[in-house]
Amino acid sequence: MKKILQDLSFEQLKTVVLELGAKPFRAKQLAEGLAKGKKISQTNVDASLKQELLKEYEDEPVKVEKIFRSVDGTEKYLFRLADGNIIEGVFMQYKYGNTQCVSTQVGCRMGCKFCASTLGGLVRNLTSGEILSQVTVINAMHQRGSVRGVTNIVLMGSGEPLDNFKEVTGFLKNVTAAEGLNISARNISLSTCGIAPKIYELADLGIPVNLTISLHQTTDEGRRRTMPIANKYTIAEILKACDYYFQKTGRRYIFEYSLIDGENADAAHAAELIALLKGRPCHVNLIRLNEVKERTLKAASSAMAYKFAAALNGGGISATVRRSMGGDIGGACGQLRAGYLKAED
Ligand code: SAH
């Protein structure tokens, strides 16, 4: 595989352009083109610079392979990487803006029992430019005049962002940069299964993204049943890291809690969750489990989800049930890629 130009910061891009003997303004031209989701060959730089760049760099590191469109405006994507790997993404349209969900790894090694992304293990980390290109490509498809196509980004596709810390933080730097897409950190959410030490590092980075923790259980024992990472870090360690994150960034943090019938969704669990989170600057996002056919876990009903939310609210915890989107196009949480890979066999 050739190198990926989108991995570079603007400063690094400038150095490359100057080393190839081109004028400094070409770097700006190139950066503008790439931010618009163009291939190197489609940017406005002169032919000789393009030719030199293409000797070393991929023209199109992330290609849209397939689009699935829902009646509610949600779109699910399969992207093909330069080495042939497939990743997936989702684009959701809301009244207040459009959110794109990006992948950070091909596959995942965290092994959560309810998740499809981890079924085949980790294939490889994505580079920062491969994460960024998912956004620039989809942003370009939805841009309307000066109105951005993508306003919000969630790192909730396949992969564990904090298990690919260097590339993910490189992506955060470049996507928030003025010469790049210039998306505010406030509009970016990073979701983690709870790699506590990396949460401290993220807090110290100076890019105050919204921190989302996949909690899903109220006790360490319960968590160990469904999330292997719980053998490494306890809920107490994660909460301590969240406190540090809040201290450093002033941003309230969010817990994801996927409701699984017979596992974590009854009144006793709601009471435990209230006791655990009381007084914390947090919000709880409740989602009904998306059933994965390779797994046996069952989703809680919609009625159970609303009852659970009401119990949390009654106990002084801010909580909402996340609306499921794109139900008609299926393939939630890593299932699109899994299904596609199977069909390709
Ligand atoms: N690795 C990161 C981000 C990826 S997944 C993390 O663990 O947070 C984004 C969210 O979807 C996580 O909260 C994850 O636990 C959840 N998730 C995964 N599979 C799911 C499923 N089948 N149903 C509901 N939520 C799921």
# chains A, B, ... in the order shown; residues from 1 in each chain; ligands from 1
$ residues_around --residues "region 241-244 of chain A" --least-positions-apart "5" --cutoff "12 Å" --atoms "only C-alpha atoms" --output "mmCIF file with N, CA and C atoms, in the first residue's frame"
data_model
loop_
_atom_site.group_PDB
_atom_site.id
_atom_site.type_symbol
_atom_site.label_atom_id
_atom_site.label_comp_id
_atom_site.auth_asym_id
_atom_site.auth_seq_id
_atom_site.Cartn_x
_atom_site.Cartn_y
_atom_site.Cartn_z
ATOM 1 N N THR A 192 -15.828 4.792 24.153
ATOM 2 C CA THR A 192 -14.851 3.769 24.538
ATOM 3 C C THR A 192 -15.471 2.732 25.464
ATOM 4 N N GLY A 194 -13.892 1.628 27.794
ATOM 5 C CA GLY A 194 -13.388 1.952 29.122
ATOM 6 C C GLY A 194 -11.931 1.635 29.368
ATOM 7 N N ILE A 195 -11.041 2.053 28.448
ATOM 8 C CA ILE A 195 -9.599 1.855 28.657
ATOM 9 C C ILE A 195 -9.131 3.046 29.505
ATOM 10 N N ALA A 196 -9.240 2.863 30.829
ATOM 11 C CA ALA A 196 -9.111 3.984 31.763
ATOM 12 C C ALA A 196 -7.854 4.848 31.576
ATOM 13 N N PRO A 197 -6.643 4.260 31.480
ATOM 14 C CA PRO A 197 -5.458 5.123 31.392
ATOM 15 C C PRO A 197 -5.470 6.050 30.179
ATOM 16 N N LYS A 198 -6.085 5.573 29.099
ATOM 17 C CA LYS A 198 -6.120 6.387 27.873
ATOM 18 C C LYS A 198 -7.094 7.559 28.008
ATOM 19 N N ILE A 199 -8.055 7.433 28.909
ATOM 20 C CA ILE A 199 -8.996 8.537 29.129
ATOM 21 C C ILE A 199 -8.243 9.738 29.722
ATOM 22 N N TYR A 200 -7.262 9.460 30.596
ATOM 23 C CA TYR A 200 -6.438 10.551 31.151
ATOM 24 C C TYR A 200 -5.649 11.229 30.037
ATOM 25 N N GLU A 201 -5.077 10.391 29.166
ATOM 26 C CA GLU A 201 -4.282 10.962 28.057
ATOM 27 C C GLU A 201 -5.151 11.809 27.140
ATOM 28 N N LEU A 202 -6.358 11.328 26.902
ATOM 29 C CA LEU A 202 -7.281 12.071 26.040
ATOM 30 C C LEU A 202 -7.628 13.414 26.683
ATOM 31 N N ALA A 203 -7.835 13.393 27.997
ATOM 32 C CA ALA A 203 -8.170 14.623 28.721
ATOM 33 C C ALA A 203 -7.048 15.648 28.584
ATOM 34 N N ASP A 204 -5.800 15.155 28.566
ATOM 35 C CA ASP A 204 -4.639 16.052 28.511
ATOM 36 C C ASP A 204 -4.331 16.559 27.104
ATOM 37 N N ASN A 210 -16.634 15.095 23.260
ATOM 38 C CA ASN A 210 -17.566 14.487 24.214
ATOM 39 C C ASN A 210 -17.115 13.060 24.475
ATOM 40 N N LEU A 211 -16.967 12.739 25.748
ATOM 41 C CA LEU A 211 -16.516 11.397 26.114
ATOM 42 C C LEU A 211 -17.726 10.519 26.421
ATOM 43 N N THR A 212 -17.775 9.381 25.740
ATOM 44 C CA THR A 212 -18.877 8.444 25.931
ATOM 45 C C THR A 212 -18.303 7.110 26.385
ATOM 46 N N ILE A 213 -18.868 6.573 27.466
ATOM 47 C CA ILE A 213 -18.378 5.308 28.008
ATOM 48 C C ILE A 213 -19.430 4.225 27.787
ATOM 49 N N TYR A 233 -10.027 -3.203 33.786
ATOM 50 C CA TYR A 233 -10.351 -1.941 34.474
ATOM 51 C C TYR A 233 -11.715 -2.043 35.139
ATOM 52 N N THR A 234 -11.776 -1.626 36.389
ATOM 53 C CA THR A 234 -13.038 -1.679 37.127
ATOM 54 C C THR A 234 -13.882 -0.439 36.810
ATOM 55 N N ILE A 235 -15.150 -0.531 37.165
ATOM 56 C CA ILE A 235 -16.040 0.625 36.988
ATOM 57 C C ILE A 235 -15.500 1.801 37.810
ATOM 58 N N ALA A 236 -15.017 1.530 39.007
ATOM 59 C CA ALA A 236 -14.478 2.610 39.862
ATOM 60 C C ALA A 236 -13.310 3.322 39.176
ATOM 61 N N THR A 249 -11.791 19.221 31.109
ATOM 62 C CA THR A 249 -12.478 19.745 29.922
ATOM 63 C C THR A 249 -13.771 20.494 30.245
ATOM 64 N N GLY A 250 -14.309 20.278 31.435
ATOM 65 C CA GLY A 250 -15.588 20.881 31.790
ATOM 66 C C GLY A 250 -16.762 20.255 31.043
ATOM 67 N N ARG A 251 -16.493 19.142 30.366
ATOM 68 C CA ARG A 251 -17.568 18.508 29.580
ATOM 69 C C ARG A 251 -18.194 17.371 30.375
ATOM 70 N N ARG A 252 -19.507 17.403 30.433
ATOM 71 C CA ARG A 252 -20.224 16.292 31.060
ATOM 72 C C ARG A 252 -20.012 15.039 30.211
ATOM 73 N N TYR A 253 -19.932 13.893 30.823
ATOM 74 C CA TYR A 253 -19.696 12.669 30.056
ATOM 75 C C TYR A 253 -20.988 11.855 29.941
ATOM 76 N N ILE A 254 -20.948 10.901 29.030
ATOM 77 C CA ILE A 254 -22.166 10.153 28.686
ATOM 78 C C ILE A 254 -21.912 8.659 28.859
ATOM 79 N N PHE A 255 -22.897 7.962 29.358
ATOM 80 C CA PHE A 255 -22.799 6.508 29.439
ATOM 81 C C PHE A 255 -23.748 5.882 28.435
ATOM 82 N N LEU A 277 -24.333 6.350 39.765
ATOM 83 C CA LEU A 277 -24.074 7.592 39.012
ATOM 84 C C LEU A 277 -24.581 8.860 39.687
ATOM 85 N N GLY A 279 -25.261 12.202 41.343
ATOM 86 C CA GLY A 279 -24.405 13.354 41.619
ATOM 87 C C GLY A 279 -23.296 13.579 40.607
ATOM 88 N N ARG A 280 -23.198 12.708 39.612
ATOM 89 C CA ARG A 280 -22.131 12.866 38.618
ATOM 90 C C ARG A 280 -22.599 13.735 37.449
ATOM 91 N N PRO A 281 -21.700 14.497 36.842
ATOM 92 C CA PRO A 281 -22.076 15.336 35.696
ATOM 93 C C PRO A 281 -22.190 14.483 34.437
ATOM 94 N N CYS A 282 -23.238 13.673 34.376
ATOM 95 C CA CYS A 282 -23.319 12.715 33.271
ATOM 96 C C CYS A 282 -24.738 12.589 32.717
#
$ residues_near_ligand --ligand "ligand 1" --cutoff "7 Å" --atoms "only C-alpha atoms and all ligand atoms" --output "PyMOL selection string"
chain A and resi 114-116+155-161+191-193+212-214+256-258+287-292+332-333
$ closest_atom_pairs --of "region 124-235 of chain A" --to "region 92-99 of chain A" --cutoff "12 Å" --atoms "only C-alpha atoms" --output "CSV"
residue,atom,partner,partner_atom,distance
A:Val135,CA,A:Thr99,CA,10.0
A:Ile138,CA,A:Thr99,CA,10.5
A:Asn139,CA,A:Asn98,CA,9.4
A:His142,CA,A:Asn98,CA,9.1
A:Gln143,CA,A:Asn98,CA,10.5
A:Val147,CA,A:Gly97,CA,10.0
A:Arg148,CA,A:Asn98,CA,8.7
A:Gly149,CA,A:Asn98,CA,6.8
A:Val150,CA,A:Asn98,CA,5.2
A:Thr151,CA,A:Asn98,CA,5.3
A:Asn152,CA,A:Thr99,CA,4.5
A:Ile153,CA,A:Thr99,CA,5.5
A:Val154,CA,A:Thr99,CA,7.1
A:Leu155,CA,A:Thr99,CA,10.5
A:Met156,CA,A:Thr99,CA,11.1
A:Ile183,CA,A:Thr99,CA,11.8
A:Asn187,CA,A:Thr99,CA,9.0
A:Ile188,CA,A:Thr99,CA,9.2
A:Ser189,CA,A:Thr99,CA,10.2
$ closest_residue --among "A:Ala230, A:Ala31, A:Val168, A:Leu181" --to "Ile207 (chain A)" --atoms "only C-alpha atoms"
A:Val168
$ residues_around --residues "region 64-80 of chain A" --least-positions-apart "6" --cutoff "7 Å" --atoms "only C-alpha atoms" --output "number ranges by chain"
A: 86-93, 325-326, 328-329
$ residues_around --residues "Ala270 (chain A)" --least-positions-apart "4" --cutoff "8 Å" --atoms "only C-alpha atoms" --output "ChimeraX atom specification"
/A:265-266,274,308,311-312
$ write_last_selection --atoms "C-alpha atoms" --output "PDB file, in the first residue's frame"
ATOM      1  CA  ALA A 265     -32.692  -4.147  32.160  1.00  0.00           C
ATOM      2  CA  ASP A 266     -34.920  -4.636  35.201  1.00  0.00           C
ATOM      3  CA  ILE A 274     -28.877   5.393  40.103  1.00  0.00           C
ATOM      4  CA  PHE A 308     -35.903   2.030  32.731  1.00  0.00           C
ATOM      5  CA  ALA A 311     -36.787   5.063  36.771  1.00  0.00           C
ATOM      6  CA  LEU A 312     -33.439   6.773  36.154  1.00  0.00           C
TER       7      LEU A 312
END
$ atom_distance --atom1 "CA of Ala310 (chain A)" --atom2 "CA of Leu297 (chain A)"
23.6 Å
$ residues_around --residues "region 104-112 of chain A" --least-positions-apart "6" --cutoff "10 Å" --atoms "only C-alpha atoms" --output "PyMOL selection string"
chain A and resi 81+85-88+118-128+130-132+155-165+167-168+171+193+223-230+334+337-338
$ atom_distance --atom1 "CA of Lys14 (chain A)" --atom2 "CA of Ala47 (chain A)"
17.4 Å
$ select_by_dssp --residues "region 119-167 of chain A" --states "alpha helix (DSSP H)" --output "PyMOL selection string"
chain A and resi 128-142+165-167
$ write_last_selection --atoms "N, CA, C and O atoms" --output "tab-separated table (two decimals), in the first residue's frame"
chain	number	residue	atom	x	y	z
A	128	SER	N	-4.93	7.73	10.66
A	128	SER	CA	-5.73	8.94	10.90
A	128	SER	C	-6.37	9.42	9.60
A	128	SER	O	-7.51	9.88	9.58
A	129	GLY	N	-5.63	9.28	8.49
A	129	GLY	CA	-6.15	9.73	7.21
A	129	GLY	C	-7.29	8.87	6.69
A	129	GLY	O	-8.17	9.35	5.98
A	130	GLU	N	-7.27	7.59	7.06
A	130	GLU	CA	-8.39	6.72	6.66
A	130	GLU	C	-9.65	7.06	7.47
A	130	GLU	O	-10.77	6.93	6.98
A	131	ILE	N	-9.45	7.48	8.71
A	131	ILE	CA	-10.61	7.89	9.51
A	131	ILE	C	-11.14	9.22	8.96
A	131	ILE	O	-12.33	9.39	8.72
A	132	LEU	N	-10.21	10.13	8.69
A	132	LEU	CA	-10.59	11.45	8.17
A	132	LEU	C	-11.29	11.35	6.81
A	132	LEU	O	-12.29	12.04	6.55
A	133	SER	N	-10.78	10.48	5.96
A	133	SER	CA	-11.35	10.38	4.61
A	133	SER	C	-12.80	9.88	4.63
A	133	SER	O	-13.59	10.25	3.76
A	134	GLN	N	-13.14	9.06	5.62
A	134	GLN	CA	-14.55	8.65	5.73
A	134	GLN	C	-15.43	9.90	5.84
A	134	GLN	O	-16.51	9.98	5.27
A	135	VAL	N	-14.94	10.88	6.61
A	135	VAL	CA	-15.73	12.10	6.84
A	135	VAL	C	-15.72	13.00	5.60
A	135	VAL	O	-16.78	13.47	5.16
A	136	THR	N	-14.53	13.23	5.02
A	136	THR	CA	-14.48	14.17	3.89
A	136	THR	C	-15.31	13.66	2.70
A	136	THR	O	-16.00	14.44	2.05
A	137	VAL	N	-15.27	12.36	2.50
A	137	VAL	CA	-16.01	11.79	1.36
A	137	VAL	C	-17.53	11.96	1.55
A	137	VAL	O	-18.24	12.39	0.65
A	138	ILE	N	-18.00	11.65	2.75
A	138	ILE	CA	-19.45	11.73	3.01
A	138	ILE	C	-19.88	13.19	3.13
A	138	ILE	O	-20.96	13.58	2.67
A	139	ASN	N	-19.03	14.01	3.73
A	139	ASN	CA	-19.33	15.44	3.82
A	139	ASN	C	-19.54	16.02	2.42
A	139	ASN	O	-20.49	16.77	2.18
A	140	ALA	N	-18.65	15.66	1.50
A	140	ALA	CA	-18.75	16.19	0.14
A	140	ALA	C	-20.06	15.76	-0.52
A	140	ALA	O	-20.70	16.54	-1.23
A	141	MET	N	-20.49	14.54	-0.26
A	141	MET	CA	-21.73	14.06	-0.88
A	141	MET	C	-22.95	14.83	-0.39
A	141	MET	O	-23.96	14.90	-1.08
A	142	HIS	N	-22.87	15.38	0.84
A	142	HIS	CA	-24.05	16.02	1.43
A	142	HIS	C	-23.93	17.54	1.57
A	142	HIS	O	-24.84	18.19	2.06
A	165	PHE	N	-4.87	4.76	19.76
A	165	PHE	CA	-4.83	6.12	20.31
A	165	PHE	C	-4.10	7.11	19.40
A	165	PHE	O	-4.58	8.21	19.16
A	166	LYS	N	-2.94	6.70	18.89
A	166	LYS	CA	-2.13	7.64	18.13
A	166	LYS	C	-2.86	8.11	16.87
A	166	LYS	O	-2.92	9.30	16.57
A	167	GLU	N	-3.41	7.16	16.13
A	167	GLU	CA	-4.09	7.53	14.87
A	167	GLU	C	-5.39	8.27	15.14
A	167	GLU	O	-5.74	9.21	14.42
$ atom_distance --atom1 "CA of Leu273 (chain A)" --atom2 "CA of Thr218 (chain A)"
5.6 Å
$ residues_around --residues "Tyr306 (chain A)" --least-positions-apart "5" --cutoff "9 Å" --atoms "only C-alpha atoms" --output "list of chain:residue names"
A:Leu286, A:Ser301, A:Ala311, A:Thr320, A:Val321
$ closest_residue --among "A:Gly170, A:Gly84, A:Gly222, A:Pro208" --to "Gln247 (chain A)" --atoms "only C-alpha atoms"
A:Pro208
$ closest_residue --among "A:Gln6, A:Asn313, A:Glu56, A:Glu294" --to "Lys36 (chain A)" --atoms "only C-alpha atoms"
A:Gln6
$ select_by_dssp --residues "region 45-245 of chain A" --states "strand (DSSP E or B)" --output "PyMOL selection string"
chain A and resi 57+62-69+75-81+86-94+97-101+105-107+122-125+144+147+152-155+188-192+210-214
